[in-house]
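Quick look at final.pdb (PDB, C-alpha atoms and all ligand atoms):
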ATOM      1  CA  MET P   1      17.062 -14.781  14.501  1.00  0.00           C
ATOM      2  CA  LYS P   2      17.836 -11.160  13.679  1.00  0.00           C
ATOM      3  CA  PHE P   3      15.961  -8.231  15.259  1.00  0.00           C
ATOM      4  CA  PHE P   4      15.471  -5.170  13.076  1.00  0.00           C
ATOM      5  CA  ILE P   5      13.720  -2.032  14.294  1.00  0.00           C
ATOM      6  CA  ASP P   6      11.089  -0.562  11.975  1.00  0.00           C
ATOM      7  CA  THR P   7      11.494   3.188  12.385  1.00  0.00           C
ATOM      8  CA  ALA P   8      13.332   6.273  11.159  1.00  0.00           C
ATOM      9  CA  ASN P   9      13.443   7.734  14.678  1.00  0.00           C
ATOM     10  CA  LEU P  10      17.113   8.171  15.636  1.00  0.00           C
ATOM     11  CA  ALA P  11      16.454   8.213  19.401  1.00  0.00           C
ATOM     12  CA  GLN P  12      14.640   4.859  19.236  1.00  0.00           C
ATOM     13  CA  ILE P  13      17.333   3.383  17.006  1.00  0.00           C
ATOM     14  CA  LYS P  14      19.991   4.489  19.530  1.00  0.00           C
ATOM     15  CA  GLU P  15      17.977   3.011  22.406  1.00  0.00           C
ATOM     16  CA  ALA P  16      17.628  -0.333  20.603  1.00  0.00           C
ATOM     17  CA  GLN P  17      21.321  -0.330  19.679  1.00  0.00           C
ATOM     18  CA  GLU P  18      22.284   0.339  23.320  1.00  0.00           C
ATOM     19  CA  LEU P  19      20.139  -2.614  24.397  1.00  0.00           C
ATOM     20  CA  GLY P  20      22.679  -4.731  22.502  1.00  0.00           C
ATOM     21  CA  ILE P  21      20.219  -6.847  20.533  1.00  0.00           C
ATOM     22  CA  LEU P  22      19.787  -4.791  17.371  1.00  0.00           C
ATOM     23  CA  ASP P  23      20.772  -6.332  14.028  1.00  0.00           C
ATOM     24  CA  GLY P  24      19.460  -3.690  11.628  1.00  0.00           C
ATOM     25  CA  VAL P  25      16.843  -1.104  10.676  1.00  0.00           C
ATOM     26  CA  THR P  26      14.008  -0.974   8.170  1.00  0.00           C
ATOM     27  CA  THR P  27      12.382   2.256   7.048  1.00  0.00           C
ATOM     28  CA  ASN P  28       9.746   3.179   4.519  1.00  0.00           C
ATOM     29  CA  PRO P  29       8.547   6.506   3.067  1.00  0.00           C
ATOM     30  CA  SER P  30       5.754   6.724   5.665  1.00  0.00           C
ATOM     31  CA  LEU P  31       8.225   6.292   8.538  1.00  0.00           C
ATOM     32  CA  MET P  32      10.550   8.952   7.060  1.00  0.00           C
ATOM     33  CA  ALA P  33       7.604  11.363   6.672  1.00  0.00           C
ATOM     34  CA  LYS P  34       6.584  10.692  10.289  1.00  0.00           C
ATOM     35  CA  GLU P  35      10.002  12.012  11.401  1.00  0.00           C
ATOM     36  CA  GLY P  36       9.609  15.081   9.154  1.00  0.00           C
ATOM     37  CA  ILE P  37      12.487  14.060   6.848  1.00  0.00           C
ATOM     38  CA  LYS P  38      11.763  15.720   3.488  1.00  0.00           C
ATOM     39  CA  GLY P  39      13.750  16.203   0.280  1.00  0.00           C
ATOM     40  CA  LYS P  40      16.416  14.024  -1.295  1.00  0.00           C
ATOM     41  CA  ASP P  41      19.435  15.513   0.540  1.00  0.00           C
ATOM     42  CA  ALA P  42      17.787  15.236   3.945  1.00  0.00           C
ATOM     43  CA  ILE P  43      16.673  11.673   3.245  1.00  0.00           C
ATOM     44  CA  MET P  44      20.146  10.614   2.090  1.00  0.00           C
ATOM     45  CA  LYS P  45      21.736  12.213   5.163  1.00  0.00           C
ATOM     46  CA  HIS P  46      19.222  10.498   7.433  1.00  0.00           C
ATOM     47  CA  TYR P  47      20.119   7.078   6.024  1.00  0.00           C
ATOM     48  CA  VAL P  48      23.810   7.769   6.700  1.00  0.00           C
ATOM     49  CA  ASP P  49      22.952   8.900  10.248  1.00  0.00           C
ATOM     50  CA  ILE P  50      21.067   5.624  10.815  1.00  0.00           C
ATOM     51  CA  CYS P  51      23.992   3.580   9.423  1.00  0.00           C
ATOM     52  CA  ASN P  52      26.335   5.375  11.816  1.00  0.00           C
ATOM     53  CA  ILE P  53      24.234   4.271  14.807  1.00  0.00           C
ATOM     54  CA  VAL P  54      23.651   0.591  14.006  1.00  0.00           C
ATOM     55  CA  ASP P  55      26.109  -2.158  13.087  1.00  0.00           C
ATOM     56  CA  GLY P  56      23.759  -4.063  10.739  1.00  0.00           C
ATOM     57  CA  ASP P  57      21.746  -3.684   7.550  1.00  0.00           C
ATOM     58  CA  VAL P  58      19.656  -0.572   6.898  1.00  0.00           C
ATOM     59  CA  SER P  59      16.855  -0.791   4.312  1.00  0.00           C
ATOM     60  CA  ALA P  60      16.392   2.325   2.155  1.00  0.00           C
ATOM     61  CA  GLU P  61      13.239   2.281   0.032  1.00  0.00           C
ATOM     62  CA  VAL P  62      13.116   3.524  -3.566  1.00  0.00           C
ATOM     63  CA  ILE P  63      10.246   5.827  -4.541  1.00  0.00           C
ATOM     64  CA  ALA P  64      10.427   5.257  -8.309  1.00  0.00           C
ATOM     65  CA  THR P  65       8.187   2.563  -9.762  1.00  0.00           C
ATOM     66  CA  ASP P  66       9.833   2.298 -13.200  1.00  0.00           C
ATOM     67  CA  PHE P  67      12.944   0.178 -13.824  1.00  0.00           C
ATOM     68  CA  ASP P  68      15.319   3.031 -14.741  1.00  0.00           C
ATOM     69  CA  GLY P  69      14.180   5.164 -11.823  1.00  0.00           C
ATOM     70  CA  MET P  70      14.564   2.317  -9.342  1.00  0.00           C
ATOM     71  CA  ILE P  71      18.071   1.524 -10.624  1.00  0.00           C
ATOM     72  CA  LYS P  72      19.152   5.180 -10.354  1.00  0.00           C
ATOM     73  CA  GLU P  73      17.801   5.583  -6.822  1.00  0.00           C
ATOM     74  CA  GLY P  74      19.040   2.175  -5.683  1.00  0.00           C
ATOM     75  CA  GLU P  75      22.573   2.744  -6.969  1.00  0.00           C
ATOM     76  CA  GLU P  76      22.689   6.118  -5.202  1.00  0.00           C
ATOM     77  CA  PHE P  77      21.515   4.497  -1.958  1.00  0.00           C
ATOM     78  CA  ALA P  78      24.034   1.674  -2.281  1.00  0.00           C
ATOM     79  CA  GLU P  79      26.896   4.173  -2.700  1.00  0.00           C
ATOM     80  CA  LEU P  80      25.899   5.956   0.509  1.00  0.00           C
ATOM     81  CA  HIS P  81      27.106   3.275   2.915  1.00  0.00           C
ATOM     82  CA  PRO P  82      28.047  -0.435   2.816  1.00  0.00           C
ATOM     83  CA  GLN P  83      25.255  -1.245   5.302  1.00  0.00           C
ATOM     84  CA  ILE P  84      22.522  -0.039   2.931  1.00  0.00           C
ATOM     85  CA  VAL P  85      20.094  -2.607   1.499  1.00  0.00           C
ATOM     86  CA  VAL P  86      17.919  -1.281  -1.351  1.00  0.00           C
ATOM     87  CA  LYS P  87      14.218  -1.786  -0.622  1.00  0.00           C
ATOM     88  CA  VAL P  88      12.224  -2.452  -3.786  1.00  0.00           C
ATOM     89  CA  PRO P  89       8.437  -2.909  -4.078  1.00  0.00           C
ATOM     90  CA  MET P  90       6.966  -6.221  -5.254  1.00  0.00           C
ATOM     91  CA  ILE P  91       5.882  -5.111  -8.722  1.00  0.00           C
ATOM     92  CA  LYS P  92       6.929  -6.325 -12.182  1.00  0.00           C
ATOM     93  CA  GLU P  93       9.524  -3.561 -12.637  1.00  0.00           C
ATOM     94  CA  GLY P  94      10.690  -4.230  -9.081  1.00  0.00           C
ATOM     95  CA  ILE P  95      11.450  -7.863  -9.882  1.00  0.00           C
ATOM     96  CA  LYS P  96      13.533  -6.740 -12.883  1.00  0.00           C
ATOM     97  CA  ALA P  97      15.352  -4.246 -10.658  1.00  0.00           C
ATOM     98  CA  ILE P  98      16.038  -6.888  -7.978  1.00  0.00           C
ATOM     99  CA  LYS P  99      17.539  -9.162 -10.633  1.00  0.00           C
ATOM    100  CA  TYR P 100      19.702  -6.282 -11.896  1.00  0.00           C
ATOM    101  CA  PHE P 101      20.880  -5.348  -8.389  1.00  0.00           C
ATOM    102  CA  SER P 102      21.563  -8.979  -7.530  1.00  0.00           C
ATOM    103  CA  GLU P 103      23.840  -9.329 -10.586  1.00  0.00           C
ATOM    104  CA  LYS P 104      25.653  -6.113  -9.558  1.00  0.00           C
ATOM    105  CA  GLY P 105      26.190  -7.375  -5.999  1.00  0.00           C
ATOM    106  CA  ILE P 106      23.820  -4.764  -4.524  1.00  0.00           C
ATOM    107  CA  ARG P 107      21.699  -6.229  -1.726  1.00  0.00           C
ATOM    108  CA  THR P 108      17.912  -5.852  -1.844  1.00  0.00           C
ATOM    109  CA  ASN P 109      14.837  -6.159   0.351  1.00  0.00           C
ATOM    110  CA  CYS P 110      11.680  -6.954  -1.632  1.00  0.00           C
ATOM    111  CA  THR P 111       8.868  -5.165   0.204  1.00  0.00           C
ATOM    112  CA  LEU P 112       5.053  -5.180   0.199  1.00  0.00           C
ATOM    113  CA  VAL P 113       4.874  -8.963  -0.095  1.00  0.00           C
ATOM    114  CA  PHE P 114       1.479 -10.472   0.711  1.00  0.00           C
ATOM    115  CA  SER P 115       1.517 -13.915  -0.935  1.00  0.00           C
ATOM    116  CA  ALA P 116       3.735 -16.986  -1.210  1.00  0.00           C
ATOM    117  CA  GLY P 117       3.831 -16.574  -4.999  1.00  0.00           C
ATOM    118  CA  GLN P 118       5.260 -13.077  -4.635  1.00  0.00           C
ATOM    119  CA  ALA P 119       7.874 -14.392  -2.193  1.00  0.00           C
ATOM    120  CA  LEU P 120       8.840 -17.134  -4.658  1.00  0.00           C
ATOM    121  CA  LEU P 121       9.366 -14.539  -7.417  1.00  0.00           C
ATOM    122  CA  ALA P 122      11.471 -12.344  -5.115  1.00  0.00           C
ATOM    123  CA  ALA P 123      13.734 -15.296  -4.295  1.00  0.00           C
ATOM    124  CA  LYS P 124      14.017 -16.307  -7.958  1.00  0.00           C
ATOM    125  CA  ALA P 125      15.101 -12.740  -8.796  1.00  0.00           C
ATOM    126  CA  GLY P 126      17.824 -12.944  -6.122  1.00  0.00           C
ATOM    127  CA  ALA P 127      16.458 -10.708  -3.352  1.00  0.00           C
ATOM    128  CA  SER P 128      18.616 -10.707  -0.211  1.00  0.00           C
ATOM    129  CA  TYR P 129      15.512 -10.271   1.959  1.00  0.00           C
ATOM    130  CA  VAL P 130      11.797 -10.733   1.350  1.00  0.00           C
ATOM    131  CA  SER P 131       9.387  -8.714   3.519  1.00  0.00           C
ATOM    132  CA  PRO P 132       5.965 -10.356   4.017  1.00  0.00           C
ATOM    133  CA  PHE P 133       3.715  -7.953   5.971  1.00  0.00           C
ATOM    134  CA  VAL P 134       2.243 -10.002   8.810  1.00  0.00           C
ATOM    135  CA  GLY P 135       0.246  -7.290  10.603  1.00  0.00           C
ATOM    136  CA  ARG P 136      -1.359  -5.844   7.483  1.00  0.00           C
ATOM    137  CA  LEU P 137      -2.664  -9.307   6.543  1.00  0.00           C
ATOM    138  CA  ASP P 138      -4.016  -9.775  10.071  1.00  0.00           C
ATOM    139  CA  ASP P 139      -5.697  -6.356   9.672  1.00  0.00           C
ATOM    140  CA  ILE P 140      -7.831  -7.751   6.827  1.00  0.00           C
ATOM    141  CA  SER P 141      -8.735 -10.996   8.635  1.00  0.00           C
ATOM    142  CA  THR P 142      -6.088 -13.062   6.845  1.00  0.00           C
ATOM    143  CA  ASP P 143      -3.503 -15.146   8.727  1.00  0.00           C
ATOM    144  CA  GLY P 144      -0.211 -13.259   8.320  1.00  0.00           C
ATOM    145  CA  LEU P 145       1.791 -15.873  10.229  1.00  0.00           C
ATOM    146  CA  ARG P 146       0.499 -18.631   7.919  1.00  0.00           C
ATOM    147  CA  LEU P 147       2.193 -16.753   5.077  1.00  0.00           C
ATOM    148  CA  ILE P 148       5.528 -16.848   6.953  1.00  0.00           C
ATOM    149  CA  GLU P 149       5.074 -20.628   7.419  1.00  0.00           C
ATOM    150  CA  ASP P 150       4.377 -21.136   3.706  1.00  0.00           C
ATOM    151  CA  ILE P 151       7.381 -19.084   2.605  1.00  0.00           C
ATOM    152  CA  ARG P 152       9.635 -20.979   5.056  1.00  0.00           C
ATOM    153  CA  VAL P 153       8.560 -24.299   3.504  1.00  0.00           C
ATOM    154  CA  ILE P 154       9.022 -23.045  -0.077  1.00  0.00           C
ATOM    155  CA  TYR P 155      12.450 -21.531   0.566  1.00  0.00           C
ATOM    156  CA  ASP P 156      13.628 -24.652   2.430  1.00  0.00           C
ATOM    157  CA  ASN P 157      12.333 -26.936  -0.355  1.00  0.00           C
ATOM    158  CA  TYR P 158      14.673 -25.306  -2.849  1.00  0.00           C
ATOM    159  CA  GLY P 159      17.443 -23.903  -0.655  1.00  0.00           C
ATOM    160  CA  PHE P 160      16.792 -20.266  -1.592  1.00  0.00           C
ATOM    161  CA  ALA P 161      19.290 -17.968   0.142  1.00  0.00           C
ATOM    162  CA  THR P 162      16.752 -15.110   0.435  1.00  0.00           C
ATOM    163  CA  GLU P 163      16.168 -14.324   4.114  1.00  0.00           C
ATOM    164  CA  ILE P 164      12.586 -14.110   5.368  1.00  0.00           C
ATOM    165  CA  LEU P 165      12.216 -10.704   7.015  1.00  0.00           C
ATOM    166  CA  ALA P 166       8.851 -10.807   8.772  1.00  0.00           C
ATOM    167  CA  ALA P 167       7.592  -7.211   8.510  1.00  0.00           C
ATOM    168  CA  SER P 168       4.621  -5.328   9.880  1.00  0.00           C
ATOM    169  CA  VAL P 169       5.265  -7.228  13.108  1.00  0.00           C
ATOM    170  CA  ARG P 170       3.288  -5.373  15.734  1.00  0.00           C
ATOM    171  CA  HIS P 171       3.478  -7.157  19.113  1.00  0.00           C
ATOM    172  CA  PRO P 172       5.523  -9.670  21.149  1.00  0.00           C
ATOM    173  CA  MET P 173       3.421 -12.722  20.183  1.00  0.00           C
ATOM    174  CA  HIS P 174       4.118 -11.978  16.507  1.00  0.00           C
ATOM    175  CA  ILE P 175       7.858 -12.099  17.340  1.00  0.00           C
ATOM    176  CA  ILE P 176       7.552 -15.366  19.266  1.00  0.00           C
ATOM    177  CA  GLU P 177       5.462 -17.003  16.511  1.00  0.00           C
ATOM    178  CA  CYS P 178       7.928 -15.840  13.845  1.00  0.00           C
ATOM    179  CA  ALA P 179      10.788 -17.333  15.881  1.00  0.00           C
ATOM    180  CA  THR P 180       8.856 -20.612  16.247  1.00  0.00           C
ATOM    181  CA  ILE P 181       8.229 -20.785  12.495  1.00  0.00           C
ATOM    182  CA  GLY P 182      11.856 -19.956  11.688  1.00  0.00           C
ATOM    183  CA  ALA P 183      11.691 -16.490  10.133  1.00  0.00           C
ATOM    184  CA  ASP P 184      15.253 -15.257   9.672  1.00  0.00           C
ATOM    185  CA  VAL P 185      14.476 -11.687  10.782  1.00  0.00           C
ATOM    186  CA  VAL P 186      11.646  -9.703  12.374  1.00  0.00           C
ATOM    187  CA  THR P 187      11.215  -5.971  11.995  1.00  0.00           C
ATOM    188  CA  CYS P 188       8.970  -4.186  14.456  1.00  0.00           C
ATOM    189  CA  PRO P 189       8.638  -1.111  16.673  1.00  0.00           C
ATOM    190  CA  LEU P 190      10.961  -0.967  19.700  1.00  0.00           C
ATOM    191  CA  SER P 191       7.887  -1.340  21.954  1.00  0.00           C
ATOM    192  CA  ALA P 192       7.273  -4.886  20.633  1.00  0.00           C
ATOM    193  CA  ILE P 193      10.861  -5.863  21.474  1.00  0.00           C
ATOM    194  CA  THR P 194      10.843  -4.347  24.967  1.00  0.00           C
ATOM    195  CA  ALA P 195       7.467  -6.021  25.628  1.00  0.00           C
ATOM    196  CA  LEU P 196       9.371  -9.341  25.468  1.00  0.00           C
ATOM    197  CA  LEU P 197      11.102  -8.303  28.714  1.00  0.00           C
ATOM    198  CA  LYS P 198       7.913  -8.217  30.712  1.00  0.00           C
ATOM    199  CA  HIS P 199       6.575 -10.881  33.058  1.00  0.00           C
ATOM    200  CA  PRO P 200       4.725 -10.211  36.340  1.00  0.00           C
ATOM    201  CA  LEU P 201       6.474 -13.153  38.043  1.00  0.00           C
ATOM    202  CA  THR P 202       9.848 -11.573  37.174  1.00  0.00           C
ATOM    203  CA  ASP P 203       8.732  -8.313  38.808  1.00  0.00           C
ATOM    204  CA  SER P 204       7.261  -9.941  41.926  1.00  0.00           C
ATOM    205  CA  GLY P 205      10.174 -12.395  42.215  1.00  0.00           C
ATOM    206  CA  LEU P 206      12.722  -9.584  42.017  1.00  0.00           C
ATOM    207  CA  ALA P 207      10.802  -7.515  44.579  1.00  0.00           C
ATOM    208  CA  THR P 208      10.862 -10.476  46.987  1.00  0.00           C
ATOM    209  CA  PHE P 209      14.573 -11.151  46.437  1.00  0.00           C
ATOM    210  CA  LEU P 210      15.445  -7.481  47.019  1.00  0.00           C
ATOM    211  CA  ALA P 211      13.292  -7.359  50.180  1.00  0.00           C
ATOM    212  CA  ASP P 212      14.877 -10.586  51.490  1.00  0.00           C
ATOM    213  CA  ALA P 213      18.365  -9.271  50.714  1.00  0.00           C
ATOM    214  CA  LYS P 214      17.778  -6.474  53.259  1.00  0.00           C
ATOM    215  CA  LYS P 215      16.936  -8.966  56.041  1.00  0.00           C
TER     216      LYS P 215
HETATM  217  C1  LIG B 301       8.452  -3.100   6.591  1.00  0.00           C
HETATM  218  O1  LIG B 301       9.561  -2.962   6.152  1.00  0.00           O
HETATM  219  C2  LIG B 301       7.491  -2.031   6.783  1.00  0.00           C
HETATM  220  O2  LIG B 301       8.195  -0.820   6.925  1.00  0.00           O
HETATM  221  C3  LIG B 301       6.683  -2.172   8.031  1.00  0.00           C
HETATM  222  O3  LIG B 301       7.017  -3.327   8.739  1.00  0.00           O
HETATM  223  C4  LIG B 301       5.234  -1.928   7.851  1.00  0.00           C
HETATM  224  O4  LIG B 301       4.607  -2.051   9.112  1.00  0.00           O
HETATM  225  P1  LIG B 301       3.130  -1.509   9.386  1.00  0.00           P
HETATM  226  O5  LIG B 301       2.178  -2.405   8.678  1.00  0.00           O
HETATM  227  O6  LIG B 301       2.982  -1.606  10.876  1.00  0.00           O
HETATM  228  O7  LIG B 301       3.086  -0.102   8.864  1.00  0.00           O
END

What's the structure tokens form of this structure?
Ligand code: E4P
Amino acid sequence: MKFFIDTANLAQIKEAQELGILDGVTTNPSLMAKEGIKGKDAIMKHYVDICNIVDGDVSAEVIATDFDGMIKEGEEFAELHPQIVVKVPMIKEGIKAIKYFSEKGIRTNCTLVFSAGQALLAAKAGASYVSPFVGRLDDISTDGLRLIEDIRVIYDNYGFATEILAASVRHPMHIIECATIGADVVTCPLSAITALLKHPLTDSGLATFLADAKK
């Protein structure tokens, strides 16, 4: 199972990379705005900076919603760095763009996926990753993890190569459930990953061992 960090914050990306368990990074326009990254040149530079920190895939999201615009932006992103994966929204023009990129050998991440039917279309178009948003479904009283289960079954039924990138993963139980279901990747804030470290019996056990070692 791959761990991606869902942020455009370079300090957090470095921290996750230094932990030794980071497989990639996902970003989106909201995360870039949160870091104050504005304008095309600054955004392009930021993606290169992220690629230079991590060893794995870095998703760069297109802003255009028409086919020609998405192709132009995606090709520019793909030329930036070999680690770039072009993130394309799950809309009709997006599916056409994913098909185009797939035929050109440019890797894609189909984002804003909220149903099994959308995930099936993304795989048919040749997406490298599909991003179902677990947390945002939970937010509207719908079972986000059930969607991951359904996509896993569908992809396994037909041997689709598209990797299930569970997105909008918010807390450690989401990560554990995604691992149990067999999601290929989770993307989440660093805090959800470091929360996996915590157990009170680890803390109390270590305190006892250290105290006993002094005896
Ligand atoms: C995925 O690629 C998205 O950037 C992200 O996971 C969305 O998460 P959120 O619902 O917590 O904003």

> When distances are computed from only C-alpha atoms, which of P:Gly117, P:Gly144, P:Pro29, P:Gly69 shows the smallest separation from Gly94 of chain P?
Replying inline: P:Gly69

If we count all atoms listed in the file, what is near Asp139 of chain P at a cut-off of 12 Å, once residues fewer than 6 positions away on the same chain are taken out, given as an mmCIF file with C-alpha atoms, keeping the file's coordinate frame?
data_model
loop_
_atom_site.group_PDB
_atom_site.id
_atom_site.type_symbol
_atom_site.label_atom_id
_atom_site.label_comp_id
_atom_site.auth_asym_id
_atom_site.auth_seq_id
_atom_site.Cartn_x
_atom_site.Cartn_y
_atom_site.Cartn_z
ATOM 1 C CA PHE P 133 3.715 -7.953 5.971
ATOM 2 C CA SER P 168 4.621 -5.328 9.880
ATOM 3 C CA VAL P 169 5.265 -7.228 13.108
ATOM 4 C CA ARG P 170 3.288 -5.373 15.734
#

>> List the spatial neighbours of Ser115 of chain P as a ChimeraX atom specification - criterion: any atom at most 8 Å away, all atoms listed in the file, same-chain residues fewer than 3 positions off excluded.
In response: /P:118-119,132,147

For the residues in the current selection, export C-alpha atoms as a tab-separated table (two decimals), keeping the file's coordinate frame.
chain	number	residue	atom	x	y	z
P	118	GLN	CA	5.26	-13.08	-4.64
P	119	ALA	CA	7.87	-14.39	-2.19
P	132	PRO	CA	5.96	-10.36	4.02
P	147	LEU	CA	2.19	-16.75	5.08

Please report as CSV every residue of chain P lying within 12 Å of ligand LIG 301 (chain B), along with the nearest atom pair and their distance in Å (one decimal), using only C-alpha atoms and all ligand atoms.
residue,atom,partner,partner_atom,distance
P:Phe4,CA,B:LIG301,O1,9.4
P:Ile5,CA,B:LIG301,O3,8.8
P:Asp6,CA,B:LIG301,O2,5.8
P:Thr7,CA,B:LIG301,O2,7.5
P:Ala8,CA,B:LIG301,O2,9.7
P:Gly24,CA,B:LIG301,O1,11.3
P:Val25,CA,B:LIG301,O1,8.8
P:Thr26,CA,B:LIG301,O1,5.3
P:Thr27,CA,B:LIG301,O2,5.2
P:Asn28,CA,B:LIG301,O2,4.9
P:Pro29,CA,B:LIG301,O2,8.3
P:Ser30,CA,B:LIG301,O7,8.0
P:Leu31,CA,B:LIG301,O2,7.3
P:Met32,CA,B:LIG301,O2,10.1
P:Lys34,CA,B:LIG301,O7,11.4
P:Val58,CA,B:LIG301,O1,10.4
P:Ser59,CA,B:LIG301,O1,7.8
P:Ala60,CA,B:LIG301,O1,9.5
P:Glu61,CA,B:LIG301,O1,8.9
P:Val85,CA,B:LIG301,O1,11.5
P:Val86,CA,B:LIG301,O1,11.4
P:Lys87,CA,B:LIG301,O1,8.3
P:Val88,CA,B:LIG301,O1,10.3
P:Pro89,CA,B:LIG301,O1,10.3
P:Thr108,CA,B:LIG301,O1,11.9
P:Asn109,CA,B:LIG301,O1,8.5
P:Cys110,CA,B:LIG301,O1,9.0
P:Thr111,CA,B:LIG301,O1,6.4
P:Leu112,CA,B:LIG301,C1,7.5
P:Val113,CA,B:LIG301,C1,9.6
P:Phe114,CA,B:LIG301,O5,11.4
P:Tyr129,CA,B:LIG301,O1,10.3
P:Val130,CA,B:LIG301,O1,9.4
P:Ser131,CA,B:LIG301,O1,6.3
P:Pro132,CA,B:LIG301,C1,8.1
P:Phe133,CA,B:LIG301,O3,6.3
P:Val134,CA,B:LIG301,O5,7.6
P:Gly135,CA,B:LIG301,O5,5.6
P:Arg136,CA,B:LIG301,O5,5.1
P:Leu137,CA,B:LIG301,O5,8.7
P:Asp138,CA,B:LIG301,O5,9.7
P:Asp139,CA,B:LIG301,O5,8.9
P:Ile140,CA,B:LIG301,O5,11.5
P:Gly144,CA,B:LIG301,O5,11.1
P:Ile164,CA,B:LIG301,O1,11.6
P:Leu165,CA,B:LIG301,O1,8.2
P:Ala166,CA,B:LIG301,O3,7.7
P:Ala167,CA,B:LIG301,O3,3.9
P:Ser168,CA,B:LIG301,O3,3.3
P:Val169,CA,B:LIG301,O3,6.1
P:Arg170,CA,B:LIG301,O6,6.2
P:His171,CA,B:LIG301,O6,9.9
P:His174,CA,B:LIG301,O6,11.9
P:Val185,CA,B:LIG301,O1,11.0
P:Val186,CA,B:LIG301,O3,8.7
P:Thr187,CA,B:LIG301,O3,5.9
P:Cys188,CA,B:LIG301,O3,6.1
P:Pro189,CA,B:LIG301,O6,8.1
P:Leu190,CA,B:LIG301,O3,11.9
P:Ala192,CA,B:LIG301,O6,11.2

Could the residues in this selection be written to a file with C-alpha atoms, as an mmCIF file, in the frame of the given file?
data_model
loop_
_atom_site.group_PDB
_atom_site.id
_atom_site.type_symbol
_atom_site.label_atom_id
_atom_site.label_comp_id
_atom_site.auth_asym_id
_atom_site.auth_seq_id
_atom_site.Cartn_x
_atom_site.Cartn_y
_atom_site.Cartn_z
ATOM 1 C CA PHE P 4 15.471 -5.170 13.076
ATOM 2 C CA ILE P 5 13.720 -2.032 14.294
ATOM 3 C CA ASP P 6 11.089 -0.562 11.975
ATOM 4 C CA THR P 7 11.494 3.188 12.385
ATOM 5 C CA ALA P 8 13.332 6.273 11.159
ATOM 6 C CA GLY P 24 19.460 -3.690 11.628
ATOM 7 C CA VAL P 25 16.843 -1.104 10.676
ATOM 8 C CA THR P 26 14.008 -0.974 8.170
ATOM 9 C CA THR P 27 12.382 2.256 7.048
ATOM 10 C CA ASN P 28 9.746 3.179 4.519
ATOM 11 C CA PRO P 29 8.547 6.506 3.067
ATOM 12 C CA SER P 30 5.754 6.724 5.665
ATOM 13 C CA LEU P 31 8.225 6.292 8.538
ATOM 14 C CA MET P 32 10.550 8.952 7.060
ATOM 15 C CA LYS P 34 6.584 10.692 10.289
ATOM 16 C CA VAL P 58 19.656 -0.572 6.898
ATOM 17 C CA SER P 59 16.855 -0.791 4.312
ATOM 18 C CA ALA P 60 16.392 2.325 2.155
ATOM 19 C CA GLU P 61 13.239 2.281 0.032
ATOM 20 C CA VAL P 85 20.094 -2.607 1.499
ATOM 21 C CA VAL P 86 17.919 -1.281 -1.351
ATOM 22 C CA LYS P 87 14.218 -1.786 -0.622
ATOM 23 C CA VAL P 88 12.224 -2.452 -3.786
ATOM 24 C CA PRO P 89 8.437 -2.909 -4.078
ATOM 25 C CA THR P 108 17.912 -5.852 -1.844
ATOM 26 C CA ASN P 109 14.837 -6.159 0.351
ATOM 27 C CA CYS P 110 11.680 -6.954 -1.632
ATOM 28 C CA THR P 111 8.868 -5.165 0.204
ATOM 29 C CA LEU P 112 5.053 -5.180 0.199
ATOM 30 C CA VAL P 113 4.874 -8.963 -0.095
ATOM 31 C CA PHE P 114 1.479 -10.472 0.711
ATOM 32 C CA TYR P 129 15.512 -10.271 1.959
ATOM 33 C CA VAL P 130 11.797 -10.733 1.350
ATOM 34 C CA SER P 131 9.387 -8.714 3.519
ATOM 35 C CA PRO P 132 5.965 -10.356 4.017
ATOM 36 C CA PHE P 133 3.715 -7.953 5.971
ATOM 37 C CA VAL P 134 2.243 -10.002 8.810
ATOM 38 C CA GLY P 135 0.246 -7.290 10.603
ATOM 39 C CA ARG P 136 -1.359 -5.844 7.483
ATOM 40 C CA LEU P 137 -2.664 -9.307 6.543
ATOM 41 C CA ASP P 138 -4.016 -9.775 10.071
ATOM 42 C CA ASP P 139 -5.697 -6.356 9.672
ATOM 43 C CA ILE P 140 -7.831 -7.751 6.827
ATOM 44 C CA GLY P 144 -0.211 -13.259 8.320
ATOM 45 C CA ILE P 164 12.586 -14.110 5.368
ATOM 46 C CA LEU P 165 12.216 -10.704 7.015
ATOM 47 C CA ALA P 166 8.851 -10.807 8.772
ATOM 48 C CA ALA P 167 7.592 -7.211 8.510
ATOM 49 C CA SER P 168 4.621 -5.328 9.880
ATOM 50 C CA VAL P 169 5.265 -7.228 13.108
ATOM 51 C CA ARG P 170 3.288 -5.373 15.734
ATOM 52 C CA HIS P 171 3.478 -7.157 19.113
ATOM 53 C CA HIS P 174 4.118 -11.978 16.507
ATOM 54 C CA VAL P 185 14.476 -11.687 10.782
ATOM 55 C CA VAL P 186 11.646 -9.703 12.374
ATOM 56 C CA THR P 187 11.215 -5.971 11.995
ATOM 57 C CA CYS P 188 8.970 -4.186 14.456
ATOM 58 C CA PRO P 189 8.638 -1.111 16.673
ATOM 59 C CA LEU P 190 10.961 -0.967 19.700
ATOM 60 C CA ALA P 192 7.273 -4.886 20.633
#

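The spacing separating atom CA of Phe3 of chain P from atom CA of Ala42 of chain P amounts to 26.1 Å.
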
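The nearest approach to Met1 of chain P among the residues P:Leu121, P:Ile21, P:Ile53, P:Met90, with only C-alpha atoms taken into account, belongs to P:Ile21.
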
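Atom CA of Ile43 of chain P is positioned 11.7 Å from atom CA of Ile63 of chain P.
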
> Hey, can you check how far atom CA of Ala97 of chain P sits from atom CA of Gln83 of chain P?
Replying inline: 19.0 Å

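Counting only C-alpha atoms and comparing P:Lys40, P:Lys104, P:Lys215, P:Lys96, the residue that lies closest to Ala78 of chain P is P:Lys104.
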
How big is the axis-aligned box, and where does its centre sit, when it encloses all atoms of segment 123-142 of chain P listed in the file and has 8 Å added on every side, reported in Å to one decimal as AutoDock Vina command-line options?
--center_x 4.9 --center_y -11.1 --center_z 0.9 --size_x 43.4 --size_y 26.5 --size_z 35.4
